[in-house]
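> Pasting a structure here, questions to come.
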Amino acid sequence: MKTTKIMLIAVVYEYGGVSSVIRNILGILDKNSFNVVFVVERLEQRHYHIKDDIKFINIDVRPAKGSINKIVNLLRHIYQIRTIIVKEKPEVILSFGVSINCLLLLSVLWPVRFMPKVILSEHSEQLFITQKGIPLKQRLCRAVYIALMSLLYRKTDYILAVSNGIAQHMRKLPFIPSSKIKVVHNPVNIVSIQELSKEKIEFTMDRKEVFCVGTVSRLSAEKGVNFLIEGFAKLLKKMDAQLVIVGDGPERLVLERMAIGLGINNKTVFTGWTDNPYKYMAKMDVFVLSSLWEGFPNVVLEAMACKIPVVASNSSGGIREVIRDGVNGILVKTGSSLAISEAVYNLLSDREKREKIAKEGYVSVKNFDINQIKKQYENLILN
């Protein structure tokens with residue numbers, strides 16, 4: 001049987017985010033049909049396991065200081081990507097994220113002996129969202145990326161948007177034919193998630209004793225975990241509960257101090273980083289996504305796979321493509337601790353409603369199961 005050589009390329013490989021999507025795609029590609037090469041700019045110390053039957057290349061890009069050094073580093077990086085493509089001769093390249101997408105297309109601006117099919121994947125709406133108070137440097141960077149996308153993306157074969165919202169933004173860019181833009185939602189491995197959710201945890205989360213509210217998130221500003229903590233403090237004025245925050249990030253110390261300042265630190269647990277968040281998810285009575293923006297929230301699908309009811313901020317991105325408000329989840333105003341508090345309280349006060357939403361969520365997540373999304377990827381790759 002003839003195999004198709006496919007190269008996946010990404011900025012970084014680690015736990016969470018786009019890397020979880022890559023892990024799932026690597027897991028579903030039939031090794032009898034595909035010869036897989038996986039390339040990253042940087043490999044973090046904590047990352048998903050890479051199977052031995054996948055050829056892995058770490059470019060190991062190091063940050064440079066000074067304008068001239070940064071330009072030299074960028075040109076070297078483009079050359080390295082091109083060199084790998086020439087050597088490996090992939091028939092298909094699947095790229096993940098705007099920065100690596102642009103670098104990849106720049107690396108093949110002057111022709112190689114063969115031209116692989118190029119499929120770009122877009123996972124974030126951040127570039128397209130107008131935000132107040134953004135520094136000039138970030139605004140300039142945003143403008144440069146938008147310009148590069150408009151000029152370069154038309155040269156690709158397909159652009160995969162992980163949500164209809166992102167697809168709409170892409171269609172507004174000049175020069176890009178709409179026919180190249182396809183919507184392929186992120187996959188989740190329901191069977192694997194449920195198996196991992198059975199693992200024991202290190203501290204008491206007894207749902208019979210006290211309600212547990214929780215989230216799994218990178219602890220950074222855009223995730224809005226501060227609104228969850230403030231909302232939980234309001235909730236404690238009405239009922240007893242426990243808050244479990246799974247994850248780590250640059251805002252952790254700030255958030256821990258916030259919990260102390262609000263007097264709820266004895267009711268709040270920061271688990272830190274873990275390679276298995278599902279064992280915590282499965283013990284939660286309500287899962288909360290408090291993000292200010294999302295491309296397509298994998299973590300909501302994962303909570304649904306654990307049969308946990310979800311409260312999520314009605315932010316931009318694919319959240320409204322996953323949750324039907326009041327049916328398989330609850331949508332609340334973005335950046336509102338009061339809205340989070342009220343929604344969580346209403347769910348915890350109504351067991352029948354919790355169970356109904358959790359059941360509908362589990363039915364919904366089957367549409368995003370890895371076996372369903374697999375067919376879409378294979379059709380685009382082999383078409």
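Each chain in the structure tokens gets a letter, A, B, ..., in the order shown, and its residues are numbered from 1; ligands are numbered from 1 in order too.
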Using only C-alpha atoms, which residues sit within 8 Å of Asp60 of chain A once same-chain residues fewer than 2 positions away are excluded, as a list of chain:residue names?
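My reading of the contact set: A:Val40, A:Glu41, A:Arg42, A:Leu43, A:Asn58, A:Arg62.
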> Limited to all heavy atoms, could you put the picked residues into a file as a tab-separated table (two decimals), in the first residue's frame?

```
chain	number	residue	atom	x	y	z
A	40	VAL	N	8.88	20.96	15.10
A	40	VAL	CA	8.51	22.06	15.99
A	40	VAL	C	9.66	23.06	16.10
A	40	VAL	O	10.83	22.70	15.95
A	40	VAL	CB	8.14	21.58	17.42
A	40	VAL	CG1	6.90	20.72	17.40
A	40	VAL	CG2	9.31	20.86	18.08
A	41	GLU	N	9.29	24.32	16.34
A	41	GLU	CA	10.32	25.33	16.61
A	41	GLU	C	10.95	25.10	17.98
A	41	GLU	O	12.13	25.34	18.18
A	41	GLU	CB	9.68	26.72	16.61
A	41	GLU	CG	9.28	27.25	15.26
A	41	GLU	CD	8.74	28.67	15.38
A	41	GLU	OE1	8.15	29.01	16.42
A	41	GLU	OE2	8.94	29.43	14.43
A	42	ARG	N	10.12	24.65	18.91
A	42	ARG	CA	10.61	24.51	20.28
A	42	ARG	C	9.84	23.40	21.00
A	42	ARG	O	8.62	23.29	20.88
A	42	ARG	CB	10.40	25.84	21.03
A	42	ARG	CG	10.99	25.86	22.44
A	42	ARG	CD	10.84	27.23	23.07
A	42	ARG	NE	9.48	27.50	23.55
A	42	ARG	CZ	8.60	28.28	22.94
A	42	ARG	NH1	8.90	28.86	21.79
A	42	ARG	NH2	7.41	28.49	23.45
A	43	LEU	N	10.55	22.57	21.72
A	43	LEU	CA	9.95	21.51	22.51
A	43	LEU	C	10.05	21.87	23.98
A	43	LEU	O	11.15	22.06	24.51
A	43	LEU	CB	10.66	20.17	22.26
A	43	LEU	CG	10.10	18.95	22.99
A	43	LEU	CD1	8.72	18.58	22.45
A	43	LEU	CD2	11.05	17.76	22.86
A	58	ASN	N	13.19	18.76	16.11
A	58	ASN	CA	13.11	19.98	16.93
A	58	ASN	C	14.11	20.99	16.39
A	58	ASN	O	15.32	20.81	16.50
A	58	ASN	CB	13.42	19.64	18.39
A	58	ASN	CG	13.37	20.85	19.30
A	58	ASN	OD1	12.87	21.91	18.91
A	58	ASN	ND2	13.90	20.71	20.51
A	62	ARG	N	16.07	29.63	19.31
A	62	ARG	CA	16.42	30.39	20.51
A	62	ARG	C	16.12	31.87	20.30
A	62	ARG	O	16.40	32.42	19.22
A	62	ARG	CB	17.92	30.23	20.82
A	62	ARG	CG	18.34	28.78	21.06
A	62	ARG	CD	17.78	28.24	22.35
A	62	ARG	NE	18.19	26.86	22.58
A	62	ARG	CZ	17.83	26.15	23.64
A	62	ARG	NH1	17.04	26.72	24.54
A	62	ARG	NH2	18.22	24.91	23.79
```
> Counting only C-alpha atoms, which residues of segment 209-321 of chain A sit at most 7 Å from some atom of segment 338-342 of chain A, and what is each one's closest atom pair with its distance in Å to one decimal, listed by chain and rising residue number, as JSON lines?

```
{"residue": "A:Leu228", "atom": "CA", "partner": "A:Ile340", "partner_atom": "CA", "distance": 6.7}
{"residue": "A:Gly231", "atom": "CA", "partner": "A:Ser341", "partner_atom": "CA", "distance": 4.5}
{"residue": "A:Phe232", "atom": "CA", "partner": "A:Ser341", "partner_atom": "CA", "distance": 6.1}
{"residue": "A:Lys234", "atom": "CA", "partner": "A:Ser341", "partner_atom": "CA", "distance": 6.2}
{"residue": "A:Leu235", "atom": "CA", "partner": "A:Ser341", "partner_atom": "CA", "distance": 5.4}
```
> Residues of the last selection are to be written out with C-alpha atoms, as an mmCIF file, in the first residue's frame.

```cif
data_model
loop_
_atom_site.group_PDB
_atom_site.id
_atom_site.type_symbol
_atom_site.label_atom_id
_atom_site.label_comp_id
_atom_site.auth_asym_id
_atom_site.auth_seq_id
_atom_site.Cartn_x
_atom_site.Cartn_y
_atom_site.Cartn_z
ATOM 1 C CA LEU A 228 -14.053 33.002 38.434
ATOM 2 C CA GLY A 231 -17.558 34.933 41.373
ATOM 3 C CA PHE A 232 -16.753 32.058 43.724
ATOM 4 C CA LYS A 234 -19.852 35.786 45.877
ATOM 5 C CA LEU A 235 -21.145 32.203 45.691
#
```
> Could you please determine the separation between atom CA of Arg320 of chain A and atom CA of His169 of chain A in Å, to one decimal place?
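Atom CA of His169 of chain A lies at a distance of 15.6 Å from atom CA of Arg320 of chain A.
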> Which residues are close to His77 of chain A, i.e. within 10 Å by only C-alpha atoms, leaving aside same-chain residues fewer than 4 positions away? Reply as a PyMOL selection string.
chain A and resi 41+59-62+71-73+81-83+103-104+107
> Those same residues - N, CA, C and O atoms - I'd like them written as a PDB file, in the first residue's frame.

```pdb
ATOM      1  N   GLU A  41       9.292  24.324  16.336  1.00  0.00           N
ATOM      2  CA  GLU A  41      10.317  25.335  16.614  1.00  0.00           C
ATOM      3  C   GLU A  41      10.954  25.101  17.975  1.00  0.00           C
ATOM      4  O   GLU A  41      12.131  25.345  18.185  1.00  0.00           O
ATOM      5  N   ILE A  59      13.617  22.059  15.766  1.00  0.00           N
ATOM      6  CA  ILE A  59      14.502  23.093  15.222  1.00  0.00           C
ATOM      7  C   ILE A  59      15.250  23.804  16.342  1.00  0.00           C
ATOM      8  O   ILE A  59      16.364  24.272  16.176  1.00  0.00           O
ATOM      9  N   ASP A  60      14.620  23.868  17.518  1.00  0.00           N
ATOM     10  CA  ASP A  60      15.229  24.456  18.718  1.00  0.00           C
ATOM     11  C   ASP A  60      15.585  25.925  18.499  1.00  0.00           C
ATOM     12  O   ASP A  60      16.742  26.344  18.615  1.00  0.00           O
ATOM     13  N   VAL A  61      14.581  26.705  18.160  1.00  0.00           N
ATOM     14  CA  VAL A  61      14.767  28.141  17.940  1.00  0.00           C
ATOM     15  C   VAL A  61      15.030  28.847  19.265  1.00  0.00           C
ATOM     16  O   VAL A  61      14.283  28.671  20.234  1.00  0.00           O
ATOM     17  N   ARG A  62      16.072  29.632  19.309  1.00  0.00           N
ATOM     18  CA  ARG A  62      16.423  30.389  20.511  1.00  0.00           C
ATOM     19  C   ARG A  62      16.122  31.868  20.304  1.00  0.00           C
ATOM     20  O   ARG A  62      16.396  32.417  19.222  1.00  0.00           O
ATOM     21  N   ILE A  71      16.399  39.807  13.142  1.00  0.00           N
ATOM     22  CA  ILE A  71      16.198  39.646  11.695  1.00  0.00           C
ATOM     23  C   ILE A  71      17.020  38.465  11.175  1.00  0.00           C
ATOM     24  O   ILE A  71      16.535  37.635  10.401  1.00  0.00           O
ATOM     25  N   VAL A  72      18.280  38.391  11.622  1.00  0.00           N
ATOM     26  CA  VAL A  72      19.150  37.279  11.220  1.00  0.00           C
ATOM     27  C   VAL A  72      18.554  35.957  11.683  1.00  0.00           C
ATOM     28  O   VAL A  72      18.532  34.957  10.941  1.00  0.00           O
ATOM     29  N   ASN A  73      18.059  35.932  12.915  1.00  0.00           N
ATOM     30  CA  ASN A  73      17.449  34.731  13.479  1.00  0.00           C
ATOM     31  C   ASN A  73      16.224  34.306  12.665  1.00  0.00           C
ATOM     32  O   ASN A  73      16.012  33.117  12.397  1.00  0.00           O
ATOM     33  N   ILE A  81      13.538  25.823   7.917  1.00  0.00           N
ATOM     34  CA  ILE A  81      12.275  25.183   7.528  1.00  0.00           C
ATOM     35  C   ILE A  81      12.364  24.700   6.083  1.00  0.00           C
ATOM     36  O   ILE A  81      11.974  23.566   5.760  1.00  0.00           O
ATOM     37  N   ARG A  82      12.880  25.554   5.220  1.00  0.00           N
ATOM     38  CA  ARG A  82      13.020  25.181   3.801  1.00  0.00           C
ATOM     39  C   ARG A  82      13.934  23.968   3.653  1.00  0.00           C
ATOM     40  O   ARG A  82      13.652  23.052   2.867  1.00  0.00           O
ATOM     41  N   THR A  83      15.038  23.953   4.379  1.00  0.00           N
ATOM     42  CA  THR A  83      15.987  22.843   4.307  1.00  0.00           C
ATOM     43  C   THR A  83      15.328  21.530   4.699  1.00  0.00           C
ATOM     44  O   THR A  83      15.548  20.486   4.060  1.00  0.00           O
ATOM     45  N   LEU A 103       5.844  31.772   8.320  1.00  0.00           N
ATOM     46  CA  LEU A 103       7.231  31.371   8.095  1.00  0.00           C
ATOM     47  C   LEU A 103       7.319  30.224   7.089  1.00  0.00           C
ATOM     48  O   LEU A 103       8.214  30.197   6.231  1.00  0.00           O
ATOM     49  N   LEU A 104       6.393  29.294   7.196  1.00  0.00           N
ATOM     50  CA  LEU A 104       6.356  28.169   6.259  1.00  0.00           C
ATOM     51  C   LEU A 104       6.160  28.662   4.832  1.00  0.00           C
ATOM     52  O   LEU A 104       6.890  28.260   3.910  1.00  0.00           O
ATOM     53  N   SER A 107       9.141  30.322   3.439  1.00  0.00           N
ATOM     54  CA  SER A 107      10.230  29.382   3.131  1.00  0.00           C
ATOM     55  C   SER A 107      10.078  28.742   1.752  1.00  0.00           C
ATOM     56  O   SER A 107      11.052  28.237   1.192  1.00  0.00           O
TER      57      SER A 107
END
```
> Counting only C-alpha atoms, which of A:Arg142, A:Lys238, A:Arg76, A:Lys2 gets nearest to Ser99 of chain A?
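Ranked by minimum distance to Ser99 of chain A, first place goes to A:Arg142.
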> Hey, what's within 10 Å of Glu199 of chain A if we count only C-alpha atoms and toss same-chain stuff fewer than 6 positions away? As a PyMOL selection string, please?
chain A and resi 276-280+282
> Give me, as a tab-separated table, the closest atom pair and its distance (Å, one decimal) for every residue of segment 261-356 of chain A within a cut-off of 9 Å of segment 13-24 of chain A, counting only C-alpha atoms, rows sorted by chain and rising number.

```
residue	atom	partner	partner_atom	distance
A:Thr274	CA	A:Tyr15	CA	9.0
A:Asp275	CA	A:Tyr15	CA	7.3
A:Pro297	CA	A:Gly17	CA	8.7
A:Asn298	CA	A:Gly17	CA	7.7
A:Val299	CA	A:Gly17	CA	8.8
```
> So how many Å separate atom CA of Met7 of chain A and atom CA of Glu122 of chain A, to one decimal?
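Atom CA of Glu122 of chain A lies at a distance of 16.7 Å from atom CA of Met7 of chain A.
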> For the interface of segment 218-293 of chain A with segment 349-362 of chain A (cut-off 12 Å, counting only C-alpha atoms), please tabulate each contacting residue of segment 218-293 of chain A alongside its nearest pair of atoms and their separation in Å to one decimal, rows sorted by chain and increasing number, as JSON lines.

```
{"residue": "A:Leu235", "atom": "CA", "partner": "A:Ser349", "partner_atom": "CA", "distance": 11.4}
{"residue": "A:Lys238", "atom": "CA", "partner": "A:Ser349", "partner_atom": "CA", "distance": 10.3}
{"residue": "A:Met239", "atom": "CA", "partner": "A:Ser349", "partner_atom": "CA", "distance": 9.2}
{"residue": "A:Asp240", "atom": "CA", "partner": "A:Ser349", "partner_atom": "CA", "distance": 11.4}
{"residue": "A:Ala241", "atom": "CA", "partner": "A:Ser349", "partner_atom": "CA", "distance": 11.8}
{"residue": "A:Ala282", "atom": "CA", "partner": "A:Ala358", "partner_atom": "CA", "distance": 11.5}
{"residue": "A:Met284", "atom": "CA", "partner": "A:Ala358", "partner_atom": "CA", "distance": 11.5}
{"residue": "A:Asp285", "atom": "CA", "partner": "A:Arg354", "partner_atom": "CA", "distance": 8.2}
{"residue": "A:Val286", "atom": "CA", "partner": "A:Arg354", "partner_atom": "CA", "distance": 8.1}
{"residue": "A:Phe287", "atom": "CA", "partner": "A:Ala358", "partner_atom": "CA", "distance": 10.3}
```
> Would you write out those residues with N, CA, C and O atoms, as a PDB file, in the first residue's frame?

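Produced file selection_29.pdb, reproduced below:
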```
ATOM      1  N   LEU A 235     -20.373  33.442  45.517  1.00  0.00           N
ATOM      2  CA  LEU A 235     -21.145  32.203  45.691  1.00  0.00           C
ATOM      3  C   LEU A 235     -21.119  31.734  47.147  1.00  0.00           C
ATOM      4  O   LEU A 235     -22.135  31.259  47.676  1.00  0.00           O
ATOM      5  N   LYS A 238     -23.772  32.495  49.618  1.00  0.00           N
ATOM      6  CA  LYS A 238     -25.068  31.829  49.497  1.00  0.00           C
ATOM      7  C   LYS A 238     -25.011  30.353  49.875  1.00  0.00           C
ATOM      8  O   LYS A 238     -26.004  29.788  50.343  1.00  0.00           O
ATOM      9  N   MET A 239     -23.864  29.695  49.622  1.00  0.00           N
ATOM     10  CA  MET A 239     -23.749  28.260  49.919  1.00  0.00           C
ATOM     11  C   MET A 239     -22.294  27.873  50.101  1.00  0.00           C
ATOM     12  O   MET A 239     -21.393  28.604  49.676  1.00  0.00           O
ATOM     13  N   ASP A 240     -22.082  26.737  50.731  1.00  0.00           N
ATOM     14  CA  ASP A 240     -20.729  26.228  50.930  1.00  0.00           C
ATOM     15  C   ASP A 240     -20.285  25.499  49.674  1.00  0.00           C
ATOM     16  O   ASP A 240     -21.073  24.818  49.010  1.00  0.00           O
ATOM     17  N   ALA A 241     -19.017  25.641  49.328  1.00  0.00           N
ATOM     18  CA  ALA A 241     -18.487  25.000  48.125  1.00  0.00           C
ATOM     19  C   ALA A 241     -16.967  25.011  48.175  1.00  0.00           C
ATOM     20  O   ALA A 241     -16.362  25.629  49.064  1.00  0.00           O
ATOM     21  N   ALA A 282     -13.563  15.149  36.540  1.00  0.00           N
ATOM     22  CA  ALA A 282     -14.603  14.160  36.820  1.00  0.00           C
ATOM     23  C   ALA A 282     -15.207  14.318  38.211  1.00  0.00           C
ATOM     24  O   ALA A 282     -16.310  13.826  38.480  1.00  0.00           O
ATOM     25  N   MET A 284     -15.745  17.346  39.614  1.00  0.00           N
ATOM     26  CA  MET A 284     -16.385  18.661  39.727  1.00  0.00           C
ATOM     27  C   MET A 284     -17.898  18.551  39.537  1.00  0.00           C
ATOM     28  O   MET A 284     -18.378  17.730  38.754  1.00  0.00           O
ATOM     29  N   ASP A 285     -18.634  19.390  40.254  1.00  0.00           N
ATOM     30  CA  ASP A 285     -20.082  19.476  40.063  1.00  0.00           C
ATOM     31  C   ASP A 285     -20.421  20.449  38.939  1.00  0.00           C
ATOM     32  O   ASP A 285     -21.424  20.267  38.242  1.00  0.00           O
ATOM     33  N   VAL A 286     -19.602  21.486  38.773  1.00  0.00           N
ATOM     34  CA  VAL A 286     -19.766  22.451  37.685  1.00  0.00           C
ATOM     35  C   VAL A 286     -18.377  22.846  37.198  1.00  0.00           C
ATOM     36  O   VAL A 286     -17.492  23.132  37.997  1.00  0.00           O
ATOM     37  N   PHE A 287     -18.225  22.863  35.872  1.00  0.00           N
ATOM     38  CA  PHE A 287     -16.979  23.335  35.271  1.00  0.00           C
ATOM     39  C   PHE A 287     -17.202  24.740  34.734  1.00  0.00           C
ATOM     40  O   PHE A 287     -18.233  25.015  34.101  1.00  0.00           O
TER      41      PHE A 287
END
```
> Considering only C-alpha atoms, return as a PyMOL selection string whatever protein or nucleic-acid residues lie within 9 Å of Leu105 of chain A, sequence-local ones (same chain, fewer than 4 positions apart) excluded.
chain A and resi 100-101+109+118+152-153+155-156
> Residues of segment 155-361 of chain A in alpha helix (DSSP H) according to DSSP, as a count of residues only?
75
